[in-house]
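The structure under discussion appears below in the form of structure tokens.
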Amino acid sequence: MNDTIAAISTSLGIGSISIIRISGEESLKIVNKIFKGKDLEKCESHTINYGYIVDNNEKIDEVLVSIMLAPKSFTRENVVEINCHGGIASTNKILELLLLNGCRLAEPGEFSKRAYLNGRIDLVEAEAIMSLIEAETESKRKLAIEQLSGNVSKMIKELRKKLADIESNIRVNIDYPEYEDIEVMTINMLKTRLKNVKQEISKILKESSNGSLIEKGIKTSIIGKPNVGKSSLLNLLLNKEKAIVTSIQGTTRDTVEGNIIINGILYKLIDTAGIRKTSDIVENIGVKKSIELIDNSDLILLIFDNNLEINEDEYKVLEHIKNKNCIIVINKIDLPKKINKEILKKYSKNIIEISTYTKTGIEELKDEMLKIFNLENIETKSLNYLSSSRSIAILKECETIINDIYDGIEKNMPIDMIEIDLNNLFEKLGEITGDTYDEELIDHMFANFCLGK
Ligand SMILES: Nc1nc2c(ncn2[C@@H]2O[C@H](COP(=O)(O)OP(=O)(O)OP(=O)(O)O)[C@@H](O)[C@H]2O)c(=O)[nH]1
Ligand SMILES: [Mg+2]
């Protein structure tokens, strides 16, 4: 890590400016060799210096050179950034000169890797940088910047501290039973303190799963028996006549899809054929298929007709929505009420009444679609969200370990065994932020970064 690295940090192509970034002990010395202007080695940190890049007195480009001396830089090393004109030829030529004068071409993600290895950022923050670069929507950008600001990292570090405290308390009890002024960790105390750790892990996991929904978009299936108004609702939400609506049962034969954005969140809507017992497989879907859809969707809008009583198929489907993200939508409230809402309340607390005909209740439905994922007011909420599948997988392992510890306590496992598990948990949590790490894994992770970052 002692060599000085260089890379083009802006995307290659024609633009007004390109930035070439250099990091390492020798960066000022190397740039000085090809720079005509002030002596960069005598310039103060955090200054921008005007001059030319030259190759044997031939002017290559007119540039601005920024200097950020260690440790106050992104990598905590001496960093120089050359702002040159954004032509492909001049940018490449400057990089070539840097390489000829002692720099090594940086590997993808090597600047961020150095920032991590030098303690400037942790792994969660490094991953956030990647998410920020890749974010195409406002909500994704917000999630990434939250993560970059270090909130989740702080929570993980605090969890580790709590675990270390519990562990050391147990250790002292075991090693120095004669110390009377040290609190003896009773099983009940241990349980209470662990419960808190467990709750926090679950909270981060829950918010992370919401976060990944935001990244991918929320797959929302509109299901219900024929003629309840599924396609009418799809059209209304999309604000266009995408699906055919008729009074004939079984109008929708194949699924119809469309995307909407509510409050910056993408919902991928799928209108389905009506549920009913059928011999015509093409026209309608049976109860079994609806249940499959329920299992494969992030959100279900289960539509009922206000003017009809609940039928047998609908009861079967209702049995499957418990513990699922499902909103029961009672449509056609402009018609006389025949449905028994009290019965529906037994299956879900999320019930919205609408009429696609008079366009009533649509805003309430959209609000509910956000609330069910805790995404209302997302602009002002701080989500403690882990973006990478790597960290989420580790956190899930942590959840398993802590459940095992709980089991162990119930089964009167000896305290020193519990202490070992606590230590495993402590180490595992450290892998998320990179406080404990595997070198190969780190290399692999940063290799997925873009060049020059
Ligand atoms: N009165 C009233 N009629 C409605 C409302 N919503 C839809 N309809 C009517 O109900 C009929 C069926 O609407 P669709 O949207 O095609 O129903 P669907 O659930 O998609 O039906 P299939 O595709 O056959 O399963 C149409 O005649 C609509 O005009 C409503 O809120 N009030
Ligand atoms: Mg339809």
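Order determines the names: the first chain of the structure tokens is A, the second B, and so forth; residues in each chain are numbered 1 upward, and ligands are numbered 1 upward as they are shown.
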
Inset, instruction - Extract, using only C-alpha atoms, all DNA, RNA and protein residues at most 12 Å from Lys346 of chain A, discarding same-chain residues fewer than 2 positions from it, and format them as a PyMOL selection string. - result: chain A and resi 315+318-319+321-322+328+340-344+348-351

Go ahead and save the picked residues with C-alpha atoms, as a compact mmCIF listing (two decimals), in the first residue's frame.
```
# COMPACT_ATOMS: atom_id res chain seq x y z
CA TYR A 315 -62.48 -16.93 2.39
CA LEU A 318 -58.19 -14.53 3.21
CA GLU A 319 -56.76 -17.42 5.22
CA ILE A 321 -52.91 -13.13 4.03
CA LYS A 322 -52.03 -13.30 7.72
CA ILE A 328 -57.93 -5.23 1.82
CA ASN A 340 -69.72 -7.66 6.01
CA LYS A 341 -66.74 -5.46 6.90
CA GLU A 342 -66.62 -6.81 10.46
CA ILE A 343 -65.64 -10.23 9.10
CA LEU A 344 -62.83 -8.72 7.01
CA SER A 348 -56.50 -7.61 8.41
CA LYS A 349 -56.33 -4.26 10.09
CA ASN A 350 -55.48 -2.58 6.80
CA ILE A 351 -58.85 -2.03 5.17
```

Legend entry - Within 6 Å of segment 120-123 of chain A using only C-alpha atoms, minus same-chain residues under 5 positions, as a ChimeraX atom specification: /A:115,433-434

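Between Ile409 of chain A and the residues A:Asn188, A:Glu314, A:Ile330, A:Thr246, the shortest atom-to-atom distance, using only C-alpha atoms, involves A:Asn188.
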
Could you list, with a cut-off of 8 Å and counting only C-alpha atoms and all ligand atoms, the residues of chain A near ligand 2, each shown with its nearest atom pair and the distance in Å rounded to one decimal, rows sorted by chain and ascending number, as a tab-separated table?
```
residue	atom	partner	partner_atom_place_in_ligand_line	distance
A:Pro226	CA	ligand 2	1 (Mg)	7.1
A:Asn227	CA	ligand 2	1 (Mg)	6.8
A:Gly229	CA	ligand 2	1 (Mg)	6.6
A:Lys230	CA	ligand 2	1 (Mg)	5.3
A:Ser231	CA	ligand 2	1 (Mg)	4.1
A:Ser232	CA	ligand 2	1 (Mg)	7.2
A:Ala243	CA	ligand 2	1 (Mg)	6.8
A:Ile244	CA	ligand 2	1 (Mg)	6.6
A:Val245	CA	ligand 2	1 (Mg)	6.0
A:Thr246	CA	ligand 2	1 (Mg)	7.9
A:Gly250	CA	ligand 2	1 (Mg)	6.8
A:Thr251	CA	ligand 2	1 (Mg)	5.2
A:Thr252	CA	ligand 2	1 (Mg)	4.0
A:Arg253	CA	ligand 2	1 (Mg)	7.6
A:Asp271	CA	ligand 2	1 (Mg)	6.8
A:Thr272	CA	ligand 2	1 (Mg)	6.6
A:Ala273	CA	ligand 2	1 (Mg)	5.9
A:Gly274	CA	ligand 2	1 (Mg)	6.8
```

Inset, instruction - Could you give me, as a PyMOL selection string, each residue of segment 64-100 of chain A that DSSP assigns to strand (DSSP E or B) when run on this structure's backbone? - result: chain A and resi 64-68+79-85

Legend entry - Residues of segment 100-220 of chain A in helix (DSSP H, G or I), written as a PyMOL selection string: chain A and resi 100+110-117+123-134+138-148+151-175+187-216

Legend entry - Contacts of Ile5 of chain A within 9 Å, only C-alpha atoms, excl. fewer than 4 positions in-chain, as a PyMOL selection string: chain A and resi 21-24+27+99+102-107+110-111

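Summary of the local environment: counting only C-alpha atoms, residues at most 8 Å from Leu429 of chain A, other than itself and those fewer than 2 positions away along its chain, are Ile156, Arg160, Ile394, Leu395, Cys398, Leu425, Phe426, Glu427, Glu431, Ile432 and Thr433 of chain A.
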
Inset, instruction - Measuring atom to atom with only C-alpha atoms, identify which of A:Asp435, A:Glu136, A:Glu125, A:Asp443 is nearest to Asn151 of chain A. - result: A:Glu125

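Of note, atom CA of Met68 of chain A and atom CA of Glu134 of chain A are spaced 25.9 Å apart.
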
Legend entry - Which of A:Ile133, A:Ile339, A:Met369, A:Ile327 sits closest to Tyr267 of chain A [using only C-alpha atoms]: A:Met369

Legend entry - 12 Å contact set for Leu143 of chain A, only C-alpha atoms, chain neighbours under 4 positions out, as a PyMOL selection string: chain A and resi 125+127-139+147-152+207-208+210-215+264-265+375+378-388

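Distance-wise, atom CA of Asp438 of chain A and atom CA of Tyr116 of chain A end up 13.4 Å apart.
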
Inset, instruction - In Å, rounded to a single decimal, give me how far atom CA of Lys219 of chain A is from atom CA of Lys268 of chain A. - result: 4.8 Å

Legend entry - Shell around Asn239 of chain A at 12 Å using only C-alpha atoms, local window under 6 positions removed, as a VMD selection string: chain A and resid 231 to 233 258 to 261 356 359 362

Can you write out the residues you just picked, keeping N, CA and C atoms, as an mmCIF file, in the first residue's frame?
```cif
data_model
loop_
_atom_site.group_PDB
_atom_site.id
_atom_site.type_symbol
_atom_site.label_atom_id
_atom_site.label_comp_id
_atom_site.auth_asym_id
_atom_site.auth_seq_id
_atom_site.Cartn_x
_atom_site.Cartn_y
_atom_site.Cartn_z
ATOM 1 N N SER A 231 -58.964 -4.206 -12.579
ATOM 2 C CA SER A 231 -58.396 -3.461 -13.709
ATOM 3 C C SER A 231 -58.756 -1.983 -13.611
ATOM 4 N N SER A 232 -59.937 -1.696 -13.113
ATOM 5 C CA SER A 232 -60.327 -0.286 -12.943
ATOM 6 C C SER A 232 -59.371 0.401 -11.971
ATOM 7 N N LEU A 233 -59.003 -0.311 -10.917
ATOM 8 C CA LEU A 233 -58.083 0.272 -9.937
ATOM 9 C C LEU A 233 -56.694 0.468 -10.543
ATOM 10 N N GLY A 258 -47.851 -2.353 -14.733
ATOM 11 C CA GLY A 258 -47.552 -0.927 -14.880
ATOM 12 C C GLY A 258 -46.874 -0.420 -13.618
ATOM 13 N N ASN A 259 -46.063 0.625 -13.758
ATOM 14 C CA ASN A 259 -45.337 1.152 -12.592
ATOM 15 C C ASN A 259 -45.881 2.499 -12.146
ATOM 16 N N ILE A 260 -45.960 2.692 -10.840
ATOM 17 C CA ILE A 260 -46.253 4.039 -10.345
ATOM 18 C C ILE A 260 -45.245 4.393 -9.254
ATOM 19 N N ILE A 261 -45.079 5.691 -9.073
ATOM 20 C CA ILE A 261 -44.198 6.144 -7.997
ATOM 21 C C ILE A 261 -45.050 6.892 -6.985
ATOM 22 N N THR A 356 -63.690 3.186 -7.585
ATOM 23 C CA THR A 356 -62.917 3.644 -8.744
ATOM 24 C C THR A 356 -63.844 4.469 -9.638
ATOM 25 N N LYS A 359 -63.970 7.778 -7.824
ATOM 26 C CA LYS A 359 -62.565 8.081 -7.480
ATOM 27 C C LYS A 359 -62.408 8.472 -6.002
ATOM 28 N N ILE A 362 -58.801 6.905 -3.058
ATOM 29 C CA ILE A 362 -57.547 6.526 -3.724
ATOM 30 C C ILE A 362 -56.326 7.078 -2.977
#
```

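Using only C-alpha atoms and all ligand atoms, the shortest contact distance between ligand 1 and any of A:Ala447, A:Val256, A:Val228, A:Ile392 is found at A:Val228.
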